[in-house]
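Shown next: structure-v9.txt, containing compact mmCIF, C-alpha atoms (C1' of nucleotides).
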```
# COMPACT_ATOMS: atom_id res chain seq x y z
CA MET A 872 -3.28 -37.83 5.70
CA ASN A 873 -6.77 -37.96 7.25
CA ASP A 874 -9.29 -35.81 9.07
CA SER A 875 -9.84 -37.57 12.39
CA PRO A 876 -10.93 -35.61 15.47
CA ARG A 877 -7.67 -36.73 17.04
CA ARG A 878 -5.65 -35.12 14.29
CA LYS A 879 -7.74 -31.98 14.62
CA GLU A 880 -6.93 -31.78 18.28
CA LEU A 881 -3.22 -32.31 17.69
CA THR A 882 -3.33 -29.61 15.02
CA ARG A 883 -4.91 -27.24 17.48
CA GLN A 884 -2.15 -27.86 20.00
CA ALA A 885 0.53 -27.43 17.38
CA ALA A 886 -0.99 -24.09 16.43
CA GLN A 887 -0.58 -22.82 19.95
CA LEU A 888 3.11 -23.65 20.02
CA PHE A 889 3.69 -22.20 16.56
CA VAL A 890 2.22 -18.91 17.72
CA GLN A 891 4.22 -18.86 20.94
CA GLU A 892 7.59 -19.90 19.58
CA GLY A 893 7.39 -19.57 15.83
CA PHE A 894 7.46 -22.54 13.49
CA ASP A 895 11.22 -22.79 13.14
CA ARG A 896 11.87 -22.77 16.85
CA THR A 897 9.21 -25.30 17.66
CA THR A 898 10.81 -28.74 17.75
CA VAL A 899 9.03 -32.02 17.17
CA ARG A 900 9.90 -32.87 20.76
CA MET A 901 8.12 -29.75 22.01
CA LEU A 902 5.12 -30.60 19.88
CA ALA A 903 5.02 -34.16 21.16
CA GLN A 904 5.26 -33.02 24.76
CA GLU A 905 2.40 -30.58 24.28
CA MET A 906 0.37 -33.44 22.82
CA GLY A 907 1.26 -35.76 25.66
CA ILE A 908 3.08 -38.29 23.52
CA LYS A 909 6.71 -39.01 22.60
CA SER A 910 8.30 -37.49 19.54
CA GLY A 911 8.42 -40.75 17.63
CA SER A 912 4.66 -41.15 17.92
CA LEU A 913 4.08 -37.84 16.24
CA PHE A 914 5.03 -39.26 12.88
CA HIS A 915 2.17 -41.70 13.03
CA HIS A 916 -0.16 -38.70 12.67
CA PHE A 917 1.83 -36.49 10.34
CA ARG A 918 4.32 -37.42 7.65
CA ASP A 919 6.72 -34.67 8.69
CA LYS A 920 6.90 -31.31 10.40
CA GLN A 921 5.91 -29.50 7.23
CA GLU A 922 2.65 -31.41 7.16
CA ILE A 923 1.81 -30.18 10.65
CA LEU A 924 2.30 -26.62 9.51
CA ALA A 925 0.14 -27.18 6.45
CA ALA A 926 -2.60 -28.68 8.61
CA VAL A 927 -2.51 -25.70 10.97
CA ILE A 928 -2.63 -23.18 8.17
CA GLU A 929 -5.44 -24.98 6.38
CA GLU A 930 -7.43 -25.14 9.60
CA GLY A 931 -6.73 -21.47 10.39
CA THR A 932 -7.74 -20.17 7.01
CA GLU A 933 -10.85 -22.34 6.69
CA ASN A 934 -11.93 -21.22 10.13
CA ALA A 935 -11.38 -17.54 9.34
CA LEU A 936 -13.29 -17.95 6.10
CA SER A 937 -16.29 -19.64 7.64
CA ILE A 938 -16.47 -17.20 10.54
CA ALA A 939 -16.31 -14.25 8.17
CA ARG A 940 -19.02 -15.73 5.96
CA ALA A 941 -21.25 -16.36 8.95
CA ALA A 942 -20.70 -12.80 10.17
CA LEU A 943 -21.70 -11.40 6.79
CA GLU A 944 -24.85 -13.47 6.70
CA GLU A 945 -26.01 -11.89 9.92
CA CYS A 946 -25.71 -8.44 8.34
CA ASP A 947 -28.15 -6.69 6.12
CA SER A 948 -26.62 -5.11 3.04
CA ASP A 949 -25.42 -1.91 4.71
CA PRO A 950 -21.82 -1.51 3.49
CA GLU A 951 -20.58 0.01 6.72
CA ALA A 952 -22.10 -2.79 8.80
CA ARG A 953 -20.52 -5.37 6.52
CA LEU A 954 -17.10 -3.75 6.79
CA HIS A 955 -17.49 -3.74 10.51
CA ALA A 956 -18.54 -7.39 10.57
CA MET A 957 -15.50 -8.41 8.56
CA ALA A 958 -13.13 -6.50 10.83
CA ARG A 959 -14.71 -8.00 13.94
CA ALA A 960 -14.57 -11.50 12.55
CA HIS A 961 -10.95 -11.06 11.51
CA LEU A 962 -9.89 -9.80 14.92
CA ALA A 963 -11.86 -12.50 16.68
CA THR A 964 -9.94 -15.23 14.88
CA LEU A 965 -6.64 -13.42 15.44
CA LEU A 966 -6.92 -12.13 18.98
CA THR A 967 -9.52 -14.22 20.76
CA ASP A 968 -8.99 -17.58 19.11
CA ARG A 969 -5.35 -16.52 18.92
CA ASN A 970 -3.95 -19.56 17.14
CA ALA A 971 -4.28 -21.12 13.73
CA HIS A 972 -5.18 -17.94 11.86
CA VAL A 973 -2.14 -16.19 13.30
CA VAL A 974 0.03 -19.05 12.07
CA ALA A 975 -1.58 -18.85 8.64
CA LEU A 976 -0.63 -15.18 8.38
CA TYR A 977 2.77 -15.21 10.00
CA GLU A 978 4.24 -18.55 8.92
CA TRP A 979 2.99 -18.74 5.35
CA ARG A 980 6.51 -18.33 4.03
CA ARG A 981 7.61 -21.47 5.80
CA LEU A 982 5.30 -23.63 3.68
CA ASP A 983 7.02 -25.58 0.95
CA GLY A 984 6.02 -25.02 -2.66
CA GLN A 985 3.58 -27.89 -2.81
CA ALA A 986 1.65 -26.94 0.32
CA ARG A 987 1.60 -23.35 -0.79
CA ALA A 988 0.08 -24.32 -4.13
CA HIS A 989 -2.50 -26.44 -2.37
CA LEU A 990 -3.51 -23.77 0.13
CA SER A 991 -3.29 -20.58 -1.85
CA HIS A 992 -6.83 -20.97 -3.19
CA LEU A 993 -8.09 -20.86 0.38
CA ARG A 994 -6.14 -17.75 1.18
CA ASP A 995 -7.26 -16.18 -2.07
CA ALA A 996 -10.89 -16.92 -1.22
CA TYR A 997 -10.52 -15.16 2.11
CA GLU A 998 -8.88 -12.13 0.56
CA ALA A 999 -11.50 -12.07 -2.17
CA LEU A 1000 -14.21 -11.89 0.47
CA TRP A 1001 -12.52 -8.83 1.92
CA GLU A 1002 -12.23 -7.23 -1.49
CA THR A 1003 -15.90 -7.82 -2.19
CA VAL A 1004 -16.93 -6.06 0.99
CA ILE A 1005 -14.51 -3.23 0.32
CA ASP A 1006 -15.83 -2.89 -3.21
CA GLU A 1007 -19.35 -2.51 -1.86
CA ALA A 1008 -18.18 0.20 0.50
CA LEU A 1009 -16.33 2.00 -2.28
CA ALA A 1010 -19.37 1.79 -4.56
CA ALA A 1011 -21.56 3.23 -1.81
CA GLY A 1012 -19.05 6.02 -1.24
CA VAL A 1013 -18.60 5.31 2.47
CA ILE A 1014 -14.86 4.89 1.94
CA GLN A 1015 -12.59 6.07 -0.81
CA GLY A 1016 -9.46 4.99 -2.60
CA ASP A 1017 -8.05 2.18 -4.64
CA ARG A 1018 -9.68 -1.20 -4.04
CA PHE A 1019 -6.44 -3.14 -4.02
CA LEU A 1020 -4.58 -0.73 -1.77
CA VAL A 1021 -7.43 -0.14 0.64
CA SER A 1022 -7.92 -3.85 1.20
CA ARG A 1023 -4.23 -4.42 1.82
CA PHE A 1024 -3.90 -1.45 4.14
CA VAL A 1025 -6.92 -2.59 6.13
CA MET A 1026 -5.73 -6.16 6.38
CA GLY A 1027 -2.28 -4.92 7.32
CA ALA A 1028 -3.62 -2.75 10.12
CA LEU A 1029 -5.61 -5.71 11.41
CA ASN A 1030 -2.90 -8.32 11.03
CA TRP A 1031 -0.35 -6.18 12.83
CA THR A 1032 -2.54 -6.02 15.95
CA VAL A 1033 -1.14 -9.44 16.82
CA ARG A 1034 2.14 -7.70 17.58
CA TRP A 1035 0.89 -5.16 20.06
CA TYR A 1036 -2.56 -6.11 21.29
CA ASP A 1037 -2.76 -6.86 24.98
CA PRO A 1038 -5.68 -9.16 25.87
CA GLU A 1039 -5.37 -8.02 29.49
CA GLY A 1040 -5.72 -4.37 28.48
CA GLU A 1041 -8.83 -2.25 28.46
CA ARG A 1042 -9.68 -2.49 24.78
CA SER A 1043 -11.63 -5.38 23.34
CA PRO A 1044 -11.16 -6.68 19.80
CA GLU A 1045 -14.58 -5.18 19.11
CA ASP A 1046 -13.30 -1.75 20.18
CA LEU A 1047 -10.43 -2.10 17.74
CA ALA A 1048 -12.71 -3.07 14.87
CA ARG A 1049 -15.01 -0.13 15.53
CA GLU A 1050 -12.15 2.36 15.74
CA LEU A 1051 -10.50 1.09 12.57
CA ILE A 1052 -13.67 1.35 10.51
CA ALA A 1053 -14.40 4.79 11.97
CA MET A 1054 -10.92 5.88 10.94
CA LEU A 1055 -11.64 4.91 7.35
CA MET A 1056 -15.10 6.29 6.90
CA SER A 1057 -15.69 9.16 4.56
CA PRO A 1058 -18.18 11.85 5.59
CA ARG A 1059 -21.81 11.25 4.71
CA ALA A 1060 -22.56 13.05 1.45
CA MET B 1261 31.95 -5.06 20.24
CA ASN B 1262 33.09 -2.15 18.06
CA ASP B 1263 31.87 0.11 15.30
CA SER B 1264 34.35 -0.40 12.47
CA PRO B 1265 33.32 0.18 8.84
CA ARG B 1266 34.08 -3.48 8.30
CA ARG B 1267 31.57 -4.51 10.91
CA LYS B 1268 29.05 -2.14 9.41
CA GLU B 1269 29.45 -3.78 6.05
CA LEU B 1270 29.11 -7.27 7.49
CA THR B 1271 25.99 -6.14 9.32
CA ARG B 1272 24.55 -4.85 6.09
CA GLN B 1273 25.13 -8.19 4.41
CA ALA B 1274 23.64 -10.10 7.32
CA ALA B 1275 20.53 -7.93 7.10
CA GLN B 1276 19.96 -8.98 3.53
CA LEU B 1277 20.05 -12.67 4.41
CA PHE B 1278 17.84 -12.20 7.46
CA VAL B 1279 15.19 -10.58 5.26
CA GLN B 1280 15.41 -13.27 2.59
CA GLU B 1281 15.48 -16.32 4.81
CA GLY B 1282 14.44 -15.19 8.24
CA PHE B 1283 16.79 -15.13 11.21
CA ASP B 1284 16.24 -18.70 12.35
CA ARG B 1285 16.86 -20.19 8.95
CA THR B 1286 19.96 -18.19 8.26
CA THR B 1287 22.95 -20.25 9.35
CA VAL B 1288 26.32 -18.84 10.31
CA ARG B 1289 27.70 -20.68 7.28
CA MET B 1290 25.33 -18.79 4.98
CA LEU B 1291 26.31 -15.54 6.65
CA ALA B 1292 30.00 -16.28 6.30
CA GLN B 1293 29.64 -17.21 2.65
CA GLU B 1294 27.76 -14.00 1.92
CA MET B 1295 30.60 -12.13 3.61
CA GLY B 1296 33.27 -14.01 1.67
CA ILE B 1297 34.86 -15.63 4.73
CA LYS B 1298 34.63 -18.99 6.51
CA SER B 1299 32.20 -19.54 9.32
CA GLY B 1300 34.89 -19.69 11.99
CA SER B 1301 36.10 -16.22 11.05
CA LEU B 1302 32.69 -14.76 11.68
CA PHE B 1303 33.16 -15.05 15.42
CA HIS B 1304 36.09 -12.71 15.31
CA HIS B 1305 33.62 -9.93 14.42
CA PHE B 1306 30.62 -10.97 16.47
CA ARG B 1307 30.47 -12.85 19.74
CA ASP B 1308 27.58 -15.02 18.57
CA LYS B 1309 24.67 -15.11 16.16
CA GLN B 1310 22.49 -13.12 18.53
CA GLU B 1311 24.94 -10.25 18.41
CA ILE B 1312 24.63 -10.11 14.64
CA LEU B 1313 20.88 -9.81 14.94
CA ALA B 1314 21.21 -7.09 17.55
CA ALA B 1315 23.63 -5.18 15.31
CA VAL B 1316 21.25 -5.41 12.36
CA ILE B 1317 18.27 -4.26 14.38
CA GLU B 1318 20.18 -1.39 15.96
CA GLU B 1319 21.38 -0.26 12.56
CA GLY B 1320 17.90 -0.61 11.03
CA THR B 1321 16.14 1.35 13.73
CA GLU B 1322 18.75 4.10 13.93
CA ASN B 1323 18.58 4.47 10.18
CA ALA B 1324 14.79 4.65 10.14
CA LEU B 1325 14.88 7.20 12.94
CA SER B 1326 17.41 9.49 11.28
CA ILE B 1327 15.68 9.31 7.89
CA ALA B 1328 12.34 10.13 9.46
CA ARG B 1329 13.83 13.06 11.37
CA ALA B 1330 15.47 14.39 8.23
CA ALA B 1331 12.20 14.08 6.32
CA LEU B 1332 10.37 16.03 8.99
CA GLU B 1333 12.93 18.81 8.94
CA GLU B 1334 12.29 19.36 5.27
CA CYS B 1335 8.60 19.93 5.98
CA ASP B 1336 6.92 23.07 7.15
CA SER B 1337 4.49 22.58 10.01
CA ASP B 1338 1.54 21.45 7.90
CA PRO B 1339 0.22 18.33 9.69
CA GLU B 1340 -0.82 16.55 6.51
CA ALA B 1341 2.56 17.13 4.92
CA ARG B 1342 4.27 15.81 8.01
CA LEU B 1343 2.15 12.68 8.08
CA HIS B 1344 2.96 12.17 4.45
CA ALA B 1345 6.67 12.66 5.06
CA MET B 1346 6.65 10.07 7.83
CA ALA B 1347 4.83 7.52 5.70
CA ARG B 1348 7.20 8.07 2.79
CA ALA B 1349 10.25 7.79 5.00
CA HIS B 1350 8.91 4.63 6.61
CA LEU B 1351 8.20 2.97 3.28
CA ALA B 1352 11.53 4.05 1.86
CA THR B 1353 13.40 2.27 4.62
CA LEU B 1354 11.16 -0.78 4.32
CA LEU B 1355 10.69 -1.19 0.58
CA THR B 1356 13.57 0.60 -1.10
CA ASP B 1357 16.36 0.02 1.36
CA ARG B 1358 14.60 -3.33 2.02
CA ASN B 1359 16.88 -4.61 4.74
CA ALA B 1360 17.75 -3.72 8.29
CA HIS B 1361 14.50 -1.95 9.11
CA VAL B 1362 12.52 -4.97 7.92
CA VAL B 1363 14.59 -7.16 10.22
CA ALA B 1364 14.01 -4.77 13.10
CA LEU B 1365 10.25 -5.10 12.65
CA TYR B 1366 9.94 -8.76 11.80
CA GLU B 1367 12.66 -10.37 13.93
CA TRP B 1368 12.35 -8.35 17.11
CA ARG B 1369 11.02 -11.37 18.96
CA ARG B 1370 14.19 -13.29 18.27
CA LEU B 1371 16.27 -10.86 20.34
CA ASP B 1372 17.23 -12.14 23.76
CA GLY B 1373 16.13 -10.21 26.84
CA GLN B 1374 19.34 -8.26 27.20
CA ALA B 1375 19.43 -7.02 23.62
CA ARG B 1376 15.76 -6.19 23.79
CA ALA B 1377 16.30 -4.07 26.87
CA HIS B 1378 19.22 -2.32 25.21
CA LEU B 1379 17.36 -1.57 21.98
CA SER B 1380 13.85 -0.85 23.14
CA HIS B 1381 14.65 2.82 23.80
CA LEU B 1382 15.51 3.18 20.12
CA ARG B 1383 12.32 1.56 19.00
CA ASP B 1384 10.35 3.65 21.46
CA ALA B 1385 11.94 6.81 20.10
CA TYR B 1386 10.87 5.91 16.60
CA GLU B 1387 7.32 5.13 17.68
CA ALA B 1388 7.20 8.32 19.71
CA LEU B 1389 8.10 10.30 16.61
CA TRP B 1390 5.13 8.77 14.84
CA GLU B 1391 2.85 9.52 17.75
CA THR B 1392 3.96 13.14 17.81
CA VAL B 1393 3.13 13.61 14.15
CA ILE B 1394 -0.19 11.84 14.59
CA ASP B 1395 -0.96 14.01 17.59
CA GLU B 1396 -0.38 17.12 15.52
CA ALA B 1397 -2.74 15.81 12.85
CA LEU B 1398 -5.38 14.96 15.44
CA ALA B 1399 -5.06 18.39 17.04
CA ALA B 1400 -5.46 20.04 13.65
CA GLY B 1401 -8.48 17.87 12.92
CA VAL B 1402 -7.15 16.46 9.68
CA ILE B 1403 -7.57 12.95 11.04
CA GLN B 1404 -9.73 11.58 13.82
CA GLY B 1405 -9.61 8.87 16.40
CA ASP B 1406 -7.63 7.61 19.32
CA ARG B 1407 -3.95 8.55 19.26
CA PHE B 1408 -2.72 5.16 20.34
CA LEU B 1409 -4.91 3.16 18.01
CA VAL B 1410 -4.44 5.40 15.01
CA SER B 1411 -0.68 5.22 15.27
CA ARG B 1412 -0.72 1.45 15.56
CA PHE B 1413 -3.15 0.99 12.71
CA VAL B 1414 -1.09 3.25 10.48
CA MET B 1415 2.18 1.55 11.34
CA GLY B 1416 0.51 -1.82 10.85
CA ALA B 1417 -0.76 -0.91 7.40
CA LEU B 1418 2.73 0.29 6.49
CA ASN B 1419 4.64 -2.60 8.02
CA TRP B 1420 2.47 -5.17 6.32
CA THR B 1421 3.37 -3.78 2.88
CA VAL B 1422 6.57 -5.81 3.16
CA ARG B 1423 4.44 -8.92 2.68
CA TRP B 1424 2.73 -7.96 -0.55
CA TYR B 1425 4.56 -5.06 -2.18
CA ASP B 1426 6.04 -5.87 -5.55
CA PRO B 1427 9.01 -3.62 -6.40
CA GLU B 1428 8.60 -4.59 -10.05
CA GLY B 1429 4.96 -3.52 -10.06
CA GLU B 1430 3.49 -0.22 -11.19
CA ARG B 1431 3.15 1.42 -7.81
CA SER B 1432 6.01 3.25 -6.13
CA PRO B 1433 6.45 3.46 -2.36
CA GLU B 1434 5.52 7.14 -2.75
CA ASP B 1435 2.21 6.12 -4.33
CA LEU B 1436 1.49 3.90 -1.37
CA ALA B 1437 2.27 6.64 1.13
CA ARG B 1438 0.03 9.10 -0.67
CA GLU B 1439 -2.88 6.64 -0.87
CA LEU B 1440 -2.61 5.65 2.76
CA ILE B 1441 -2.68 9.23 4.00
CA ALA B 1442 -5.53 10.05 1.64
CA MET B 1443 -7.47 7.12 3.06
CA LEU B 1444 -7.10 8.54 6.57
CA MET B 1445 -7.88 12.17 5.95
CA SER B 1446 -10.98 13.72 7.36
CA PRO B 1447 -12.85 16.24 5.23
CA ARG B 1448 -11.79 19.86 5.51
CA ALA B 1449 -14.05 21.57 7.98
C1' DG C 564 41.94 -11.39 10.46
C1' DT C 565 41.31 -15.73 8.32
C1' DC C 566 41.97 -20.53 8.01
C1' DT C 567 41.10 -25.79 9.12
C1' DA C 568 39.35 -28.95 12.05
C1' DT C 569 36.35 -30.35 15.27
C1' DA C 570 33.75 -30.38 19.59
C1' DA C 571 29.11 -30.50 21.58
C1' DA C 572 24.44 -30.19 21.26
C1' DG C 573 20.15 -30.51 19.03
C1' DA C 574 17.41 -31.20 15.05
C1' DG C 575 14.08 -34.26 12.07
C1' DA C 576 13.02 -38.70 11.14
C1' DT C 577 13.00 -44.10 11.21
C1' DA C 578 12.76 -49.04 12.99
C1' DG C 579 10.84 -52.42 15.39
C1' DA C 580 8.86 -54.01 19.87
C1' DC C 581 4.67 -53.85 22.42
C1' DG D 1435 -1.26 -45.80 18.53
C1' DT D 1436 2.62 -45.33 21.42
C1' DC D 1437 7.02 -46.53 23.13
C1' DT D 1438 12.35 -46.79 23.23
C1' DA D 1439 16.33 -46.42 20.90
C1' DT D 1440 19.00 -44.56 17.59
C1' DC D 1441 20.58 -42.85 12.97
C1' DT D 1442 22.05 -39.07 10.41
C1' DC D 1443 22.59 -34.55 9.54
C1' DT D 1444 23.07 -29.81 10.73
C1' DT D 1445 23.73 -26.40 13.93
C1' DT D 1446 26.50 -22.94 16.79
C1' DA D 1447 30.71 -22.20 18.59
C1' DT D 1448 35.73 -23.02 19.90
C1' DA D 1449 40.91 -23.99 19.44
C1' DG D 1450 45.02 -23.25 17.61
C1' DA D 1451 47.93 -22.74 13.35
C1' DC D 1452 49.19 -19.29 9.97
```
Could you quickly redo this structure as structure tokens?
Amino acid sequence: MNDSPRRKELTRQAAQLFVQEGFDRTTVRMLAQEMGIKSGSLFHHFRDKQEILAAVIEEGTENALSIARAALEECDSDPEARLHAMARAHLATLLTDRNAHVVALYEWRRLDGQARAHLSHLRDAYEALWETVIDEALAAGVIQGDRFLVSRFVMGALNWTVRWYDPEGERSPEDLARELIAMLMSPRA
Amino acid sequence: MNDSPRRKELTRQAAQLFVQEGFDRTTVRMLAQEMGIKSGSLFHHFRDKQEILAAVIEEGTENALSIARAALEECDSDPEARLHAMARAHLATLLTDRNAHVVALYEWRRLDGQARAHLSHLRDAYEALWETVIDEALAAGVIQGDRFLVSRFVMGALNWTVRWYDPEGERSPEDLARELIAMLMSPRA
DNA sequence: GTCTATAAAGAGATAGAC
DNA sequence: GTCTATCTCTTTATAGAC
């Protein structure tokens, strides 16, 4: 529809509700209330509920991608440091930011075919970034295994943290990232 | 309500739909059609839709628990073999059986408070089994790290396979289990 | 145990005034 | 850009006949 700051803000608020309640259980009336408007007004900003979901997922994936890229640029080329940076960036968008990226991962199936086609290149770009960093680590021998499987196992371990991580607990997202990478590392040759 | 074979069969069919569509998007009419009855008749077997979900999740967790226990009994006490057995059992119930256990993991949040209270001991028992096996592996030094984090990372990597595993592809669930455990193993001292 | 019929509530979305 | 009002459809669940 457009890209106004207003729409961005509404998208951000929608993301919060989608995480809390799930997309299916979030009604347009709940969304409107969160945004401080009436439900009828919502459709001035978005064509339908699907479009809100697509906006949230686009925002969440773009954000994750740009944060990951920025984190990699601050690294030198040490494969372990780059793995670590990716894991920290991923957990930051999932557990600290705690919104749009979670929706992108957990509500992807609720996108209709058209939105999915439009957004899959973004998701693919993010996953490709992970695979690149994992390839570097495999090539350097700091981890071992199959590139495809390792990347999916690592992303799975990270994505599932959403289900059990307690922000009030003692461990920080950074602790989690460090422990996960440590768990994967092969011994120094 | 009861434990008839009929109810078990209906529960099995409900599980399939819940995996395909998600709990929220599965209507009682879809459930009834899958079961070959009319929607009104459904409420003779289950008090409400919530009770169907609770039945599916109970069935899925009990099944996962008994399969994991059986797999462990076939092992000797080698910690690596036991880890491997747990991973294989877990993936078998998720990817081969492909039903109730998936619902238990992915629709837990949709349970109401009462059902959650009633079923959490089952889920805890299953997670405790995992933690025991991981403890043994930590004690033997075949893996390293924090017991709590390792078990959650491993379960996360396994649970997320549901999202990307292709049953028509070249890799079997057994392949996945083997690769995951290999990825975790520390070098022999 | 299953059916038909329907009640009651809630959903997404639209129209037109302001 | 937001409001009120409302349409239309779908949802879960119930009642009572068979």
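Excluding segment 1436-1440 of chain D itself and same-chain residues fewer than 3 positions from it, the residues having an atom within 8 Å of it are Ile908, Lys909 and Ser912 of chain A; DC581 of chain C, counting all atoms listed in the file.
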Polymer residues at most 12 Å from DT1448 of chain D, all atoms listed in the file, same-chain spacing of 2 or more positions, as a PyMOL selection string: (chain B and resi 1299-1301+1303-1304+1307-1308) or (chain C and resi 568-571) or (chain D and resi 1446+1450)
Which neighbours of segment 1275-1289 of chain B fall inside 10 Å, counting all atoms listed in the file, when residues of the same chain fewer than 4 positions from it are skipped, and could you give them as a ChimeraX atom specification? /A:893-896,980-981 /B:1269-1271,1293-1295,1297-1300,1302-1303,1308-1310,1312-1313,1315-1317,1319-1320,1357-1364,1366-1367,1370 /D:1444-1447
Save the residues we just selected, C-alpha atoms (C1' of nucleotides), as an mmCIF file, keeping the file's coordinate frame?
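Result written to out_25.cif:
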```
data_model
loop_
_atom_site.group_PDB
_atom_site.id
_atom_site.type_symbol
_atom_site.label_atom_id
_atom_site.label_comp_id
_atom_site.auth_asym_id
_atom_site.auth_seq_id
_atom_site.Cartn_x
_atom_site.Cartn_y
_atom_site.Cartn_z
ATOM 1 C CA GLY A 893 7.390 -19.570 15.830
ATOM 2 C CA PHE A 894 7.460 -22.540 13.490
ATOM 3 C CA ASP A 895 11.220 -22.790 13.140
ATOM 4 C CA ARG A 896 11.870 -22.770 16.850
ATOM 5 C CA ARG A 980 6.510 -18.330 4.030
ATOM 6 C CA ARG A 981 7.610 -21.470 5.800
ATOM 7 C CA GLU B 1269 29.450 -3.780 6.050
ATOM 8 C CA LEU B 1270 29.110 -7.270 7.490
ATOM 9 C CA THR B 1271 25.990 -6.140 9.320
ATOM 10 C CA GLN B 1293 29.640 -17.210 2.650
ATOM 11 C CA GLU B 1294 27.760 -14.000 1.920
ATOM 12 C CA MET B 1295 30.600 -12.130 3.610
ATOM 13 C CA ILE B 1297 34.860 -15.630 4.730
ATOM 14 C CA LYS B 1298 34.630 -18.990 6.510
ATOM 15 C CA SER B 1299 32.200 -19.540 9.320
ATOM 16 C CA GLY B 1300 34.890 -19.690 11.990
ATOM 17 C CA LEU B 1302 32.690 -14.760 11.680
ATOM 18 C CA PHE B 1303 33.160 -15.050 15.420
ATOM 19 C CA ASP B 1308 27.580 -15.020 18.570
ATOM 20 C CA LYS B 1309 24.670 -15.110 16.160
ATOM 21 C CA GLN B 1310 22.490 -13.120 18.530
ATOM 22 C CA ILE B 1312 24.630 -10.110 14.640
ATOM 23 C CA LEU B 1313 20.880 -9.810 14.940
ATOM 24 C CA ALA B 1315 23.630 -5.180 15.310
ATOM 25 C CA VAL B 1316 21.250 -5.410 12.360
ATOM 26 C CA ILE B 1317 18.270 -4.260 14.380
ATOM 27 C CA GLU B 1319 21.380 -0.260 12.560
ATOM 28 C CA GLY B 1320 17.900 -0.610 11.030
ATOM 29 C CA ASP B 1357 16.360 0.020 1.360
ATOM 30 C CA ARG B 1358 14.600 -3.330 2.020
ATOM 31 C CA ASN B 1359 16.880 -4.610 4.740
ATOM 32 C CA ALA B 1360 17.750 -3.720 8.290
ATOM 33 C CA HIS B 1361 14.500 -1.950 9.110
ATOM 34 C CA VAL B 1362 12.520 -4.970 7.920
ATOM 35 C CA VAL B 1363 14.590 -7.160 10.220
ATOM 36 C CA ALA B 1364 14.010 -4.770 13.100
ATOM 37 C CA TYR B 1366 9.940 -8.760 11.800
ATOM 38 C CA GLU B 1367 12.660 -10.370 13.930
ATOM 39 C CA ARG B 1370 14.190 -13.290 18.270
ATOM 40 C "C1'" DT D 1444 23.070 -29.810 10.730
ATOM 41 C "C1'" DT D 1445 23.730 -26.400 13.930
ATOM 42 C "C1'" DT D 1446 26.500 -22.940 16.790
ATOM 43 C "C1'" DA D 1447 30.710 -22.200 18.590
#
```
Take atom CA of Val1025 of chain A and atom CA of Arg1342 of chain B and report the distance between them in Å, one decimal. 21.6 Å
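Atom CA of Tyr997 of chain A to atom CA of Leu1051 of chain A spans 19.3 Å [interatomic distance, one decimal].
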What is the atom CA of Arg1376 of chain B-atom CA of Asp1395 of chain B distance in Å, reported with one decimal? 26.9 Å
Could you put an axis-aligned box around every listed atom of chain C, padded by 5 Å on each side, and send me its centre and edge lengths in Å to one decimal, as AutoDock Vina command-line options?
```
--center_x 23.3 --center_y -32.7 --center_z 15.2 --size_x 47.3 --size_y 52.6 --size_z 24.4
```
Could you tell me which residues of chain A sit within 9 Å of chain B when counting only C-alpha atoms, and give me the result as a PyMOL selection string? chain A and resi 895-896+1014-1017+1020-1021+1023-1032+1035+1047+1050-1051+1053-1058
Distance limit 8 Å, atoms considered: all atoms listed in the file. Which chain C residues sit that close to chain B? Return them as a PyMOL selection string. chain C and resi 564-566
Kindly indicate which residue among B:Met1290, B:Ala1274, B:Gln1374, B:Ser1380 lies nearest to chain D, using only C-alpha atoms (C1' of nucleotides) for the distances. B:Met1290
